[in-house]
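Chemist: If you scroll down you'll find the structure; I have some questions about it.
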2 protein chains.
Amino acid sequence: MIHIYNTLTRKKEEFIPLEEGKVKIYFCGLTVQDRPHIGHFRAFITGDILKRYFEYSGFDVTLIMNFTDIDDKLIKKQNETGEDYRRIARRIIDEFFDNADKLNIKRADFYPEATKHIQEIQEFVSRLIKKGIAYVSGNDVYYDVSKFKGYGKLSGKKIDELRVGARVEPDENKRNPVDFVVWKGAKPEEPWWESPWGRGRPGWHIECSAMSIHYLGETFDIHGGGADLIFPHHENEIAQSEGATGKPFARYWVHNGRLNLKGEKMSKSIGNVVLISDILKTYKPDVVKLYILSTHYRSPLDYYEERIKEQEGGYERLNQILFLLSQTKGKGGKVNKEIIDKFKEAMDDDFNTPKALSVIYTYTKDIFETIKRNPDKKLILSAKETLKEMLSVLGLFESVEEDHIKHDEELIELLLKLRSNLREKNLYELSDKIRNGLKNLDIEIEDTPEGSRWKRL
Amino acid sequence: MIHIYNTLTRKKEEFIPLEEGKVKIYFCGLTVQDRPHIGHFRAFITGDILKRYFEYSGFDVTLIMNFTDIDDKLIKKQNETGEDYRRIARRIIDEFFDNADKLNIKRADFYPEATKHIQEIQEFVSRLIKKGIAYVSGNDVYYDVSKFKGYGKLSGKKIDELRVGARVEPDENKRNPVDFVVWKGAKPEEPWWESPWGRGRPGWHIECSAMSIHYLGETFDIHGGGADLIFPHHENEIAQSEGATGKPFARYWVHNGRLNLKGEKMSKSIGNVVLISDILKTYKPDVVKLYILSTHYRSPLDYYEERIKEQEGGYERLNQILFLLSQTKGKGGKVNKEIIDKFKEAMDDDFNTPKALSVIYTYTKDIFETIKRNPDKKLILSAKETLKEMLSVLGLFESVEEDHIKHDEELIELLLKLRSNLREKNLYELSDKIRNGLKNLDIEIEDTPEGSRWKRL
């Protein structure tokens with residue numbers, strides 16, 4: 001039984017799907033005006049863990065993750081750089097996928113883009129206006145917060161308190177400072193779509209209501225995203241969606257904790273951004289994933305590069321044990337049920353990946369000791385299967401590229417071992433053939449007092 | 001000097017760019033309702049050759065290639081399958097990129113999608129209406145062919161003759177049977193965008209006029225695509241674009257010949273489609289490219305699978321000579337200017353790839369004979385550079401994946417050679433270490449009268 005902490009009820013709840021055996025998840029994706037940073041990817045890795053663990057637990061998962069590809073910042077960027085906003089968006093989407101693939105994040109079922117769903121968004125706005133919970137004012141359409149009784153139920157905020165702190169921009173025509181825009185009239189030189197309310201573009205919140213309902217239905221299982229989206233984004237999504245349909249919107253709300261840099265939220269406007277592309281130039285994808293997964297997704301996480309570096313030790317340990325186990329060939333290993341149960345217990349408890357990782361680390365330590373004493377084939381094959389199963393749920397150690405490199409490396413190691421055998425037997429002519437043969441492949445052997453090493457030239 | 005056959009003038013012309021040192025190309029891309037077949041990819045490989053050869057010749061190239069992601073067929077498919085048309089489109093776009101990457105087709109600078117350019121399309125339609133060359137009729141907007149004097153200049157067709165054969169659908173409200181739709185009113189249950197002419201969607205031809213001009217300017221250098229697009233698509237593009245701007249549209253029109261299967265155009269509606277994904281399951285990407293490039297892009301090409309298979313011989317010859325040359329390490333080889341000049345002469349003559357390939361094959365034959373007699377290092381390094389330069393212009397033998405596999409194979413060959421040395425010296429203990437070591441890596445050695453072979457298990 002999977003238990004999830006539900007932001008809406010503020011407690012851990014047993015997960016019961018709307019439809020047996022199926023989970024429908026909408027996860028807030030990237031706003032594609034700035035290059036993705038490690039904070040964004042904390043959310044996407046969280047979404048991936050949900051998808052993977054539900055699938056592992058036998059559910060048929062549908063995961064929808066949006067791209068917000070039109071907003072004020074993107075328009076500003078177009079005006080500043082002269083680059084078409086659709087090209088900026090595409091470049092950043094490509095960078096997202098490039099990094100997501102490197103990090104072995106499974107593809108969502110679909111990534112709807114806001115600008116491709118103008119029809120659904122306009123239909124949604126019309127529905128709100130018809131129900132009297134949105135109103136046209138000037139060139140804009142606003143949501144009338146006073147008309148939705150449940151407003152604040154996700155974030156715990158009270159309308160009256162919000163009203164005190166709310167700021168109204170000079171060009172806004174709200175009835176009430178807490179109202180928010182669902183359709184925004186276009187200023188000169190801004191991109192537009194024709195609409196019954198004049199030329200304009202969607203507000204930010206409306207796209208997620210329109211697209212999640214379009215792809216998952218009026219009520220679906222899980223809505224996820226970063227904790228900084230709880231207010232106002234997700235609060236407003238609930239207001240829009242439940243206001244329009246009269247039905248419950250998402251049943252479980254899952255939010256990953258913030259990733260801070262020096263105590264502040266990582267964000268372009270503050271200027272404390274560490275790009276995921278830059279991190280992956282220095283660290284292996286699995287090291288970065290171990291870093292993210294070794295903290296529970298709901299806990300805030302302070303970013304220090306040293307903490308990524310620290311994960312290299314764990315990575316090496318896992319890599320070594322996997323290599324050691326791979327030396328024993330054969331199939332049909334039976335998973336260790338006891339270990340898998342411990343792993344599942346951790347994951348069932350609100351996707352507790354740090355605990356799941358500690359099950360893995362403890363297990364690798366135990367099997368290493370056992371195998372050292374008794375290299376039993378059945379035991380080794382079982383350990384191989386057990387580890388593989390757990391690691392694949394976390395999306396670790398599955399990279400194809402690494403497989404390639406490892407294969408290369410194993411062949412080179414075999415040649416080196418052979419060379420040392422030949423040298424022991426004083427067969428220098430042959431041992432030199434290995435040295436020269438490798439040199440032709442741009443691989444250099446270095447003899448040291450501790451033995452031979454090799455490097456690529 | 002590059003010479004291009006210009007469909008517009010019906011002759012081969014010296015290419016003179018609009019702006020010195022720059023080439024702006026718009027190439028008609030995929031209509032994303034059906035999975036791409038080898039005929040589509042003949043066009044994309046042609047576009048890639050243009051891009052690569054212009055870049056090689058020192059031009060700064062901008063290549064824009066569209067995706068038509070809304071049309072009647074896509075809507076029909078949505079209605080038949082229940083799958084959202086944007087998901088169908090995305091799936092097919094992904095398949096396009098997957099295959100394009102395998103075939104080492106360079107990415108265009110941008111791939112605009114029609115549904116993301118509704119604003120530019122509507123602005124274009126308005127411009128035509130204002131000029132009196134398009135008219136609103138019912139829920140549609142039509143282009144008035146009689147208002148554009150140059151109509152037929154690309155295809156050589158005469159309006160009067162077209163009028164005789166033209167068919168008007170019962171739901172069309174044309175003034176004249178040869179007029180064509182630029183904005184199509186939406187029927188119930190069809191996707192729509194709001195417009196000054198009611199809810200609807202763009203006609204097919206208008207997107208290419210609007211997007212090419214948006215990204216490349218009102219006049220640009222080259223417009224390309226398959227020969228089956230000359231009429232009506234490109235003819236109508238010219239009418240729309242020159243009608244609206246009063247300026248020449250594309251200066252050179254480049255069309256690749258059809259790819260036929262059993263004498264008929266390969267097309268989904270005829271049912272004689274060979275998917276590129278299926279071909280690439282059987283044949284190496286470079287073999288498929290050799291097949292396409294060994295016929296001039298303008299000639300019609302009859303598809304027989306045997307003709308792809310025949311290219312495997314040429315592929316092997318090139319692969320072997322490259323391997324042979326790679327055995328000699330070193331840098332600083334000087335290209336053979338005489339050969340490169342011959343290669344350039346072929347390519348300058350309207351991108352004559354079959355002739356360019358024959359320069360390459362003749363050259364590889366010559367250098368093999370020369371090197372056999374005189375394995376001079378300088379000569380070998382020069383041959384390596386010369387071949388590499390020519391092959392890279394054609395986008396051949398650049399695959400990273402193959403590099404990986406080749407590297408593996410070279411290491412295994414080294415081990416095999418060593419093993420036979422050990423066996424000659426009766427050092428069976430060591431030679432068995434190699435056999436067992438490889439076996440652990442799932443590689444099996446087989447001893448035959450002709451020597452040892454290996455295979456992956």
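Letters A, B, ... go to the chains of the structure tokens in the order shown; residues in each chain start at 1; ligands are counted from 1 in the same order.
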Could the residues of chain A within 6 Å of chain B, counting only C-alpha atoms, be given as a ChimeraX atom specification, please?
Modeler: /A:194-195,408
Chemist: Could the residues in this selection be written to a file with N, CA and C atoms, as a PDB file, in the first residue's frame?
Modeler:
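File produced: selection-v2.pdb:
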```pdb
ATOM      1  N   GLU A 194      -6.650  35.749 -31.350  1.00  0.00           N
ATOM      2  CA  GLU A 194      -7.979  36.346 -31.335  1.00  0.00           C
ATOM      3  C   GLU A 194      -8.824  35.628 -30.289  1.00  0.00           C
ATOM      4  N   SER A 195      -9.736  36.362 -29.669  1.00  0.00           N
ATOM      5  CA  SER A 195     -10.611  35.744 -28.668  1.00  0.00           C
ATOM      6  C   SER A 195     -11.882  36.565 -28.595  1.00  0.00           C
ATOM      7  N   ASP A 408      34.260  -1.567 -23.251  1.00  0.00           N
ATOM      8  CA  ASP A 408      35.603  -1.171 -23.666  1.00  0.00           C
ATOM      9  C   ASP A 408      36.617  -1.422 -22.550  1.00  0.00           C
TER      10      ASP A 408
END
```
Chemist: Segment 237-245 of chain B: which residues within 6 Å, counting only C-alpha atoms, same-chain residues fewer than 6 positions away excluded, as a PyMOL selection string?
Modeler: chain B and resi 128+205+209
Chemist: Write a file of the just-selected residues containing C-alpha atoms, as a short mmCIF file (atom, residue, chain, number, x, y, z; two decimals), in the first residue's frame.
Modeler:
```cif
data_model
loop_
_atom_site.label_atom_id
_atom_site.label_comp_id
_atom_site.auth_asym_id
_atom_site.auth_seq_id
_atom_site.Cartn_x
_atom_site.Cartn_y
_atom_site.Cartn_z
CA LEU B 128 -4.40 39.44 -48.81
CA HIS B 205 -0.44 26.66 -48.49
CA SER B 209 4.14 31.70 -47.04
#
```
Chemist: Env of Ser146 of chain A: 10 Å cut, atoms = only C-alpha atoms, seq-sep filter 3 positions within chain, self excluded. Answer as a PyMOL selection string.
Modeler: chain A and resi 133+143+149-151+159+176+178-179
Chemist: Kindly indicate which residue among B:Glu235, B:Glu207, B:Asp34, B:Glu55 lies nearest to Thr7 of chain B, using only C-alpha atoms for the distances.
Modeler: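 Counting only C-alpha atoms, the residue closest to Thr7 of chain B is B:Glu235.
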Chemist: Please provide as a PyMOL selection string all residues within 12 Å of Ala356 of chain B, with the sequence filter that same-chain residues fewer than 2 positions apart are discarded (counting only C-alpha atoms).
Modeler: chain B and resi 49+53+290+293-296+339-354+358-363+387+390-391+393-394
Chemist: Find the distance between atom CA of Glu20 of chain A and atom CA of Val61 of chain A and write it in Å to one decimal.
Modeler: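 Atom-to-atom, atom CA of Glu20 of chain A and atom CA of Val61 of chain A are spaced 11.3 Å apart.
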